[in-house]
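J.: This one is target.cif, mmCIF, C-alpha atoms (C1' of nucleotides).
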data_query
#
loop_
_atom_site.group_PDB
_atom_site.id
_atom_site.type_symbol
_atom_site.label_atom_id
_atom_site.label_comp_id
_atom_site.auth_asym_id
_atom_site.auth_seq_id
_atom_site.Cartn_x
_atom_site.Cartn_y
_atom_site.Cartn_z
ATOM 1 C CA MET A 12 54.981 -6.317 -16.822
ATOM 2 C CA LYS A 13 52.922 -4.522 -14.230
ATOM 3 C CA ILE A 14 52.499 -6.189 -10.836
ATOM 4 C CA ALA A 15 50.078 -4.793 -8.254
ATOM 5 C CA SER A 16 49.046 -5.511 -4.676
ATOM 6 C CA TRP A 17 45.860 -4.593 -2.822
ATOM 7 C CA ASN A 18 44.427 -5.427 0.566
ATOM 8 C CA VAL A 19 40.730 -5.300 -0.356
ATOM 9 C CA ASN A 20 39.353 -5.852 3.187
ATOM 10 C CA SER A 21 36.561 -8.228 2.082
ATOM 11 C CA LEU A 22 36.461 -9.218 -1.571
ATOM 12 C CA ARG A 23 32.689 -9.678 -1.328
ATOM 13 C CA VAL A 24 32.226 -6.012 -0.461
ATOM 14 C CA ARG A 25 35.022 -4.685 -2.674
ATOM 15 C CA LEU A 26 34.455 -6.691 -5.869
ATOM 16 C CA PRO A 27 32.892 -3.737 -7.755
ATOM 17 C CA HIS A 28 35.906 -1.587 -6.852
ATOM 18 C CA LEU A 29 38.329 -4.314 -7.904
ATOM 19 C CA LEU A 30 36.601 -4.881 -11.244
ATOM 20 C CA ASP A 31 36.475 -1.152 -11.999
ATOM 21 C CA TRP A 32 40.102 -0.739 -10.977
ATOM 22 C CA LEU A 33 41.284 -3.633 -13.165
ATOM 23 C CA LYS A 34 39.373 -2.198 -16.129
ATOM 24 C CA ALA A 35 41.125 1.137 -15.637
ATOM 25 C CA ASN A 36 44.471 -0.480 -14.678
ATOM 26 C CA PRO A 37 44.861 -3.694 -16.658
ATOM 27 C CA VAL A 38 47.895 -4.906 -14.727
ATOM 28 C CA ASP A 39 49.479 -8.250 -15.621
ATOM 29 C CA VAL A 40 49.403 -9.553 -12.060
ATOM 30 C CA ILE A 41 47.774 -8.489 -8.804
ATOM 31 C CA GLY A 42 48.142 -9.970 -5.342
ATOM 32 C CA LEU A 43 45.069 -9.587 -3.141
ATOM 33 C CA GLN A 44 44.853 -9.803 0.645
ATOM 34 C CA GLU A 45 42.099 -10.045 3.254
ATOM 35 C CA LEU A 46 39.605 -11.742 0.981
ATOM 36 C CA LYS A 47 37.577 -12.882 4.025
ATOM 37 C CA LEU A 48 35.915 -15.615 2.015
ATOM 38 C CA VAL A 49 36.448 -19.276 1.181
ATOM 39 C CA ASP A 50 37.650 -20.539 -2.202
ATOM 40 C CA GLU A 51 34.137 -21.583 -3.253
ATOM 41 C CA GLN A 52 32.956 -17.981 -2.866
ATOM 42 C CA PHE A 53 35.759 -16.506 -4.973
ATOM 43 C CA PRO A 54 34.232 -14.495 -7.870
ATOM 44 C CA ILE A 55 36.134 -16.389 -10.542
ATOM 45 C CA ALA A 56 33.654 -15.782 -13.378
ATOM 46 C CA GLU A 57 33.719 -11.991 -13.078
ATOM 47 C CA LEU A 58 37.521 -11.962 -13.039
ATOM 48 C CA GLN A 59 37.867 -14.449 -15.890
ATOM 49 C CA ALA A 60 35.606 -12.159 -17.906
ATOM 50 C CA LEU A 61 38.300 -9.487 -17.526
ATOM 51 C CA GLY A 62 40.933 -11.926 -18.758
ATOM 52 C CA TYR A 63 42.440 -13.055 -15.464
ATOM 53 C CA HIS A 64 43.538 -16.453 -14.258
ATOM 54 C CA ALA A 65 43.247 -16.883 -10.502
ATOM 55 C CA ALA A 66 44.930 -18.835 -7.725
ATOM 56 C CA VAL A 67 43.157 -18.586 -4.375
ATOM 57 C CA ASN A 68 43.971 -19.406 -0.760
ATOM 58 C CA GLY A 69 40.744 -18.432 0.962
ATOM 59 C CA GLN A 70 39.494 -18.543 4.535
ATOM 60 C CA LYS A 71 36.146 -17.874 6.159
ATOM 61 C CA THR A 72 35.844 -14.452 7.870
ATOM 62 C CA TYR A 73 39.569 -13.730 8.228
ATOM 63 C CA ASN A 74 42.698 -13.484 6.077
ATOM 64 C CA GLY A 75 42.614 -15.095 2.626
ATOM 65 C CA VAL A 76 44.935 -14.205 -0.283
ATOM 66 C CA ALA A 77 44.928 -14.619 -4.052
ATOM 67 C CA LEU A 78 46.869 -13.986 -7.231
ATOM 68 C CA LEU A 79 45.275 -12.819 -10.472
ATOM 69 C CA SER A 80 47.236 -12.919 -13.712
ATOM 70 C CA ARG A 81 46.668 -12.315 -17.407
ATOM 71 C CA HIS A 82 49.288 -15.033 -18.010
ATOM 72 C CA PRO A 83 48.966 -18.631 -16.843
ATOM 73 C CA LEU A 84 49.840 -19.285 -13.210
ATOM 74 C CA GLU A 85 52.107 -22.284 -12.688
ATOM 75 C CA HIS A 86 53.470 -24.114 -9.647
ATOM 76 C CA VAL A 87 50.861 -22.623 -7.315
ATOM 77 C CA ALA A 88 51.827 -23.035 -3.651
ATOM 78 C CA ARG A 89 49.796 -22.142 -0.582
ATOM 79 C CA ASP A 90 51.087 -21.225 2.893
ATOM 80 C CA MET A 91 54.533 -21.904 4.323
ATOM 81 C CA PRO A 92 55.463 -25.575 4.279
ATOM 82 C CA GLY A 93 55.751 -26.884 7.809
ATOM 83 C CA TYR A 94 54.309 -23.762 9.433
ATOM 84 C CA GLY A 95 51.365 -25.257 11.213
ATOM 85 C CA ASP A 96 48.591 -22.762 11.656
ATOM 86 C CA ASP A 97 45.255 -22.281 9.980
ATOM 87 C CA HIS A 98 45.740 -18.703 8.794
ATOM 88 C CA ARG A 99 45.568 -18.420 5.036
ATOM 89 C CA ARG A 100 48.151 -15.665 4.536
ATOM 90 C CA ILE A 101 50.352 -16.732 1.620
ATOM 91 C CA ILE A 102 49.954 -17.822 -1.978
ATOM 92 C CA ALA A 103 52.740 -18.096 -4.546
ATOM 93 C CA ALA A 104 52.770 -18.850 -8.251
ATOM 94 C CA THR A 105 55.025 -18.596 -11.266
ATOM 95 C CA VAL A 106 53.832 -16.212 -13.961
ATOM 96 C CA ASN A 107 54.950 -17.353 -17.373
ATOM 97 C CA ALA A 108 54.687 -14.380 -19.705
ATOM 98 C CA GLY A 109 55.705 -16.399 -22.728
ATOM 99 C CA THR A 110 59.161 -15.042 -23.511
ATOM 100 C CA SER A 111 62.097 -15.824 -21.247
ATOM 101 C CA SER A 112 60.351 -13.832 -18.545
ATOM 102 C CA GLU A 113 59.266 -16.105 -15.752
ATOM 103 C CA VAL A 114 58.462 -14.298 -12.523
ATOM 104 C CA ARG A 115 57.721 -15.955 -9.199
ATOM 105 C CA VAL A 116 55.126 -13.859 -7.329
ATOM 106 C CA VAL A 117 54.137 -14.175 -3.673
ATOM 107 C CA SER A 118 51.010 -12.494 -2.277
ATOM 108 C CA ALA A 119 51.337 -12.196 1.497
ATOM 109 C CA TYR A 120 49.231 -10.923 4.363
ATOM 110 C CA VAL A 121 51.492 -10.447 7.376
ATOM 111 C CA PRO A 122 49.762 -10.684 10.782
ATOM 112 C CA ASN A 123 48.599 -7.381 12.251
ATOM 113 C CA GLY A 124 50.079 -7.934 15.711
ATOM 114 C CA HIS A 125 47.315 -6.083 17.606
ATOM 115 C CA ALA A 126 49.595 -4.373 20.173
ATOM 116 C CA VAL A 127 53.184 -4.666 21.341
ATOM 117 C CA GLY A 128 53.506 -7.188 24.139
ATOM 118 C CA THR A 129 50.421 -9.221 23.286
ATOM 119 C CA GLU A 130 50.298 -12.830 22.132
ATOM 120 C CA LYS A 131 49.271 -11.639 18.649
ATOM 121 C CA TYR A 132 52.398 -9.486 18.514
ATOM 122 C CA ALA A 133 54.584 -12.456 19.486
ATOM 123 C CA TYR A 134 52.828 -14.491 16.793
ATOM 124 C CA LYS A 135 53.573 -11.766 14.251
ATOM 125 C CA LEU A 136 57.297 -11.824 15.062
ATOM 126 C CA ARG A 137 57.416 -15.649 14.947
ATOM 127 C CA TRP A 138 55.540 -15.591 11.653
ATOM 128 C CA LEU A 139 57.974 -13.054 10.174
ATOM 129 C CA GLN A 140 60.916 -15.260 11.183
ATOM 130 C CA ALA A 141 59.328 -18.195 9.346
ATOM 131 C CA PHE A 142 58.480 -15.921 6.410
ATOM 132 C CA LYS A 143 62.144 -14.953 6.095
ATOM 133 C CA GLU A 144 63.154 -18.614 5.923
ATOM 134 C CA TYR A 145 60.366 -19.306 3.424
ATOM 135 C CA LEU A 146 61.472 -16.448 1.150
ATOM 136 C CA ASN A 147 65.088 -17.536 1.423
ATOM 137 C CA GLY A 148 63.992 -20.868 0.029
ATOM 138 C CA GLU A 149 62.136 -19.157 -2.815
ATOM 139 C CA LEU A 150 65.239 -17.088 -3.611
ATOM 140 C CA CYS A 151 67.334 -20.240 -3.806
ATOM 141 C CA ARG A 152 65.055 -21.609 -6.520
ATOM 142 C CA THR A 153 64.280 -18.520 -8.561
ATOM 143 C CA GLN A 154 66.069 -15.451 -9.903
ATOM 144 C CA GLN A 155 63.065 -13.238 -10.525
ATOM 145 C CA LEU A 156 61.013 -13.011 -7.330
ATOM 146 C CA ALA A 157 58.389 -10.387 -6.394
ATOM 147 C CA VAL A 158 56.914 -10.487 -2.893
ATOM 148 C CA VAL A 159 53.870 -8.242 -2.701
ATOM 149 C CA GLY A 160 51.376 -7.640 0.034
ATOM 150 C CA ASP A 161 50.268 -6.102 3.269
ATOM 151 C CA TYR A 162 53.344 -6.333 5.500
ATOM 152 C CA ASN A 163 51.734 -4.482 8.414
ATOM 153 C CA ILE A 164 55.096 -2.773 9.000
ATOM 154 C CA ALA A 165 55.995 0.864 8.397
ATOM 155 C CA PRO A 166 59.729 0.444 7.701
ATOM 156 C CA THR A 167 60.900 3.906 8.801
ATOM 157 C CA ASP A 168 59.576 7.009 10.537
ATOM 158 C CA ALA A 169 59.223 8.637 7.109
ATOM 159 C CA ASP A 170 56.495 6.072 6.436
ATOM 160 C CA VAL A 171 54.389 7.326 9.360
ATOM 161 C CA HIS A 172 52.279 10.506 9.411
ATOM 162 C CA ASP A 173 53.072 11.119 13.096
ATOM 163 C CA PRO A 174 56.211 9.194 14.092
ATOM 164 C CA VAL A 175 56.177 10.566 17.639
ATOM 165 C CA ARG A 176 52.665 9.360 18.311
ATOM 166 C CA TRP A 177 53.381 5.968 16.703
ATOM 167 C CA GLU A 178 56.835 5.488 18.216
ATOM 168 C CA GLY A 179 57.282 1.965 19.508
ATOM 169 C CA SER A 180 53.715 0.908 18.785
ATOM 170 C CA VAL A 181 52.573 -1.969 16.632
ATOM 171 C CA LEU A 182 53.388 -1.578 12.894
ATOM 172 C CA CYS A 183 56.295 0.710 13.851
ATOM 173 C CA SER A 184 58.139 -1.056 16.666
ATOM 174 C CA GLU A 185 61.843 -1.776 16.334
ATOM 175 C CA PRO A 186 61.487 -5.598 16.349
ATOM 176 C CA GLU A 187 59.007 -5.378 13.461
ATOM 177 C CA ARG A 188 61.287 -3.009 11.558
ATOM 178 C CA ALA A 189 64.224 -5.309 12.209
ATOM 179 C CA ALA A 190 62.186 -8.198 10.792
ATOM 180 C CA PHE A 191 61.488 -6.127 7.684
ATOM 181 C CA ARG A 192 65.170 -5.307 7.290
ATOM 182 C CA ALA A 193 65.941 -9.009 7.649
ATOM 183 C CA LEU A 194 63.745 -9.656 4.601
ATOM 184 C CA GLU A 195 65.681 -6.974 2.707
ATOM 185 C CA ALA A 196 68.939 -8.576 3.858
ATOM 186 C CA LEU A 197 67.963 -11.726 1.966
ATOM 187 C CA GLY A 198 68.552 -9.667 -1.162
ATOM 188 C CA LEU A 199 65.080 -8.229 -1.610
ATOM 189 C CA LYS A 200 64.662 -4.564 -2.466
ATOM 190 C CA ASP A 201 61.749 -2.419 -1.286
ATOM 191 C CA ALA A 202 60.648 -1.131 -4.714
ATOM 192 C CA PHE A 203 59.296 2.081 -3.179
ATOM 193 C CA THR A 204 62.846 3.100 -2.250
ATOM 194 C CA LEU A 205 64.155 2.774 -5.818
ATOM 195 C CA PHE A 206 62.585 6.118 -6.710
ATOM 196 C CA PRO A 207 62.381 9.635 -5.296
ATOM 197 C CA ARG A 208 59.962 9.711 -2.370
ATOM 198 C CA PRO A 209 56.552 10.792 -3.684
ATOM 199 C CA GLU A 210 54.553 13.585 -2.121
ATOM 200 C CA GLN A 211 52.097 11.024 -0.798
ATOM 201 C CA PRO A 212 53.853 7.863 0.462
ATOM 202 C CA TYR A 213 51.090 6.161 2.457
ATOM 203 C CA THR A 214 49.139 3.036 1.516
ATOM 204 C CA TRP A 215 46.759 2.752 4.505
ATOM 205 C CA TRP A 216 44.533 5.204 6.360
ATOM 206 C CA ASP A 217 42.302 4.473 9.350
ATOM 207 C CA TYR A 218 38.592 4.573 8.635
ATOM 208 C CA ARG A 219 38.119 6.727 11.708
ATOM 209 C CA SER A 220 38.569 10.436 12.274
ATOM 210 C CA PHE A 221 38.651 11.355 8.567
ATOM 211 C CA ALA A 222 42.185 9.956 8.457
ATOM 212 C CA PHE A 223 42.284 9.717 4.658
ATOM 213 C CA ARG A 224 40.965 13.225 4.112
ATOM 214 C CA ARG A 225 43.654 14.481 6.525
ATOM 215 C CA ASN A 226 46.268 12.128 4.983
ATOM 216 C CA LEU A 227 47.019 10.554 8.356
ATOM 217 C CA GLY A 228 48.417 7.334 6.903
ATOM 218 C CA LEU A 229 51.089 4.690 7.032
ATOM 219 C CA ARG A 230 53.140 2.970 4.336
ATOM 220 C CA ILE A 231 52.617 -0.701 5.147
ATOM 221 C CA ASP A 232 51.896 -2.301 1.733
ATOM 222 C CA HIS A 233 55.083 -3.178 -0.084
ATOM 223 C CA VAL A 234 56.604 -4.772 -3.154
ATOM 224 C CA LEU A 235 59.916 -6.510 -2.498
ATOM 225 C CA LEU A 236 61.968 -7.469 -5.542
ATOM 226 C CA SER A 237 64.933 -9.769 -6.006
ATOM 227 C CA ALA A 238 68.010 -8.011 -7.411
ATOM 228 C CA PRO A 239 67.424 -9.048 -11.053
ATOM 229 C CA LEU A 240 63.884 -7.654 -10.887
ATOM 230 C CA ALA A 241 64.860 -4.506 -8.989
ATOM 231 C CA GLN A 242 67.219 -3.727 -11.867
ATOM 232 C CA LYS A 243 64.279 -3.884 -14.237
ATOM 233 C CA CYS A 244 61.844 -1.877 -12.124
ATOM 234 C CA SER A 245 60.957 1.461 -13.730
ATOM 235 C CA SER A 246 58.188 2.756 -11.456
ATOM 236 C CA PHE A 247 56.366 2.383 -8.153
ATOM 237 C CA GLN A 248 52.887 3.894 -7.846
ATOM 238 C CA ILE A 249 50.356 4.210 -5.037
ATOM 239 C CA ASP A 250 46.843 4.707 -6.418
ATOM 240 C CA THR A 251 44.680 6.616 -3.952
ATOM 241 C CA THR A 252 41.774 6.816 -6.407
ATOM 242 C CA PRO A 253 39.771 3.872 -5.002
ATOM 243 C CA ARG A 254 40.295 5.118 -1.423
ATOM 244 C CA ARG A 255 38.039 8.072 -2.352
ATOM 245 C CA LEU A 256 35.079 5.902 -3.347
ATOM 246 C CA GLU A 257 32.057 5.046 -1.228
ATOM 247 C CA ARG A 258 32.762 2.108 1.129
ATOM 248 C CA PRO A 259 36.450 1.882 0.234
ATOM 249 C CA SER A 260 39.071 -0.547 1.404
ATOM 250 C CA ASP A 261 41.263 1.146 3.999
ATOM 251 C CA HIS A 262 44.281 0.229 1.820
ATOM 252 C CA ALA A 263 45.303 1.667 -1.546
ATOM 253 C CA PRO A 264 46.603 -0.528 -4.378
ATOM 254 C CA VAL A 265 50.298 -0.270 -5.261
ATOM 255 C CA VAL A 266 51.782 -1.022 -8.697
ATOM 256 C CA VAL A 267 55.288 -1.622 -10.011
ATOM 257 C CA ASN A 268 56.349 -1.685 -13.647
ATOM 258 C CA LEU A 269 59.045 -4.167 -14.662
ATOM 259 C CA ASN A 270 60.836 -3.892 -17.993
ATOM 260 C CA LEU A 271 60.993 -7.570 -18.880
ATOM 261 C "C1'" DA B 5 42.278 9.485 27.850
ATOM 262 C "C1'" DT B 6 39.146 7.342 25.019
ATOM 263 C "C1'" DG B 7 37.112 5.970 20.953
ATOM 264 C "C1'" DG B 8 36.491 6.835 16.713
ATOM 265 C "C1'" DC B 9 35.072 3.034 11.567
ATOM 266 C "C1'" DG B 10 34.322 -1.078 8.985
ATOM 267 C "C1'" DT B 11 33.554 -6.208 8.214
ATOM 268 C "C1'" DA B 12 31.833 -10.812 9.602
ATOM 269 C "C1'" DC B 13 28.962 -13.807 12.225
ATOM 270 C "C1'" DA B 14 25.347 -14.361 14.406
ATOM 271 C "C1'" DC B 15 23.172 -12.299 18.230
ATOM 272 C "C1'" DC B 16 20.620 -8.685 19.190
ATOM 273 C "C1'" DG B 17 26.760 -7.983 20.870
ATOM 274 C "C1'" DT B 18 31.667 -9.634 20.067
ATOM 275 C "C1'" DA B 19 36.099 -10.347 17.608
ATOM 276 C "C1'" DC B 20 39.295 -8.352 14.771
ATOM 277 C "C1'" DG B 21 41.767 -5.107 12.099
ATOM 278 C "C1'" DA B 22 45.913 -1.201 11.801
#
Will you turn the file into structure tokens for me?
T.:
Amino acid sequence: MKIASWNVNSLRVRLPHLLDWLKANPVDVIGLQELKLVDEQFPIAELQALGYHAAVNGQKTYNGVALLSRHPLEHVARDMPGYGDDHRRIIAATVNAGTSSEVRVVSAYVPNGHAVGTEKYAYKLRWLQAFKEYLNGELCRTQQLAVVGDYNIAPTDADVHDPVRWEGSVLCSEPERAAFRALEALGLKDAFTLFPRPEQPYTWWDYRSFAFRRNLGLRIDHVLLSAPLAQKCSSFQIDTTPRRLERPSDHAPVVVNLNL
DNA sequence: ATGGCGTACACCGTACGA
């Protein structure tokens, strides 16, 4: 089973890229982030035509997440229960691939945080604390859990093109990294780290200053796997192909393969 | 040191992202 994640930065704009990518990469499941549209605007027909079921948690202008799956999506759940804000950042569903292989998948869009010391940064840290408790609950109920998405955290300096310049700033600050490690401490494994570090480890590049061409990137999109799934993970790939297209998303899709 | 690029909404610029 292949599970992917992609922050599309506006599904309306990026739909042609997504459709082309799914045709070339017919993954079983993909989590999408930053849809920037409401559920009624979700392009369900085009995606169904490619064989995908969809579960959507949309929002006007900002945020918005979804799951697409070739297998039926069951027990769809939106947002964190009891976390009262109007940001649509989480959707979860159980993918039933027919055999004994049921996988719970979460597509998450962690807050950006704007800058260290701001209210948005404080919100990000509060949100991550709630996210940890939410995922702990998921882990109590399910063995095979995959948490994919845009975490907006570069876990280590090796995940940053210029660690000196980024030191202590948002996406790289120690409290954010500690929050990421706290997710790992629940028993979730960063799938990227299961394999030798690839030549190109980044998943996001600024639109400005030819950052992609110069490979000035960050690794901030992640797939976290529960121990039973980590055992079955045979690859982690970052696909920079769509980042080269006209009007690309600033994020690249990532894909894991699970031997289920 | 700053802003740079892109998207959305709606106003003719502002908010937001990472």
J.: Select from chain A every residue with an atom at most 6 Å from any atom of chain B, then for each give the shortest pair of atoms and their distance in Å to one decimal, using only C-alpha atoms (C1' of nucleotides), rows by chain and rising number, as JSON lines.
T.:
{"residue": "A:Thr72", "atom": "CA", "partner": "B:DA12", "partner_atom": "C1'", "distance": 5.7}
{"residue": "A:Tyr218", "atom": "CA", "partner": "B:DC9", "partner_atom": "C1'", "distance": 4.8}
{"residue": "A:Arg219", "atom": "CA", "partner": "B:DC9", "partner_atom": "C1'", "distance": 4.8}
J.: For a test of reading the model, state the distance in Å between CA of Leu33 in chain A and CA of Arg100 in chain A, rounded to one decimal.
T.: 22.5 Å
J.: Can you pull out every residue within 8 Å of Asn107 in chain A, counting all atoms listed in the file, but drop anything in the same chain fewer than 6 positions away, and send it as a list in words?
T.: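 Everything that qualifies: His82, Pro83, Leu84, Glu85, Glu113 and Val114 of chain A.
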J.: Can you list, as JSON, numbers by chain, the residues that the PyMOL selection byres ((chain A and resi 59-62) around 9) selects here?
T.: {"A": [30, 33, 34, 37, 54, 55, 56, 57, 58, 63, 64, 65, 80, 81, 82]}
J.: In Å, rounded to a single decimal, give me how far CA of Ala196 in chain A is from CA of Lys143 in chain A.
T.: 9.6 Å
J.: Where does the PyMOL selection byres ((chain A and resi 154-162) around 7) land in this file, that is, which residues does it pick, as a list in words?
T.: Ser16, Trp17, Asn18, Gly42, Gln44, Val114, Arg115, Val116, Val117, Ser118, Ala119, Tyr120, Val121, Leu150, Thr153, Asn163, Ile164, Ile231, Asp232, His233, Val234, Leu235, Leu236, Ser237, Pro239 and Leu240 of chain A
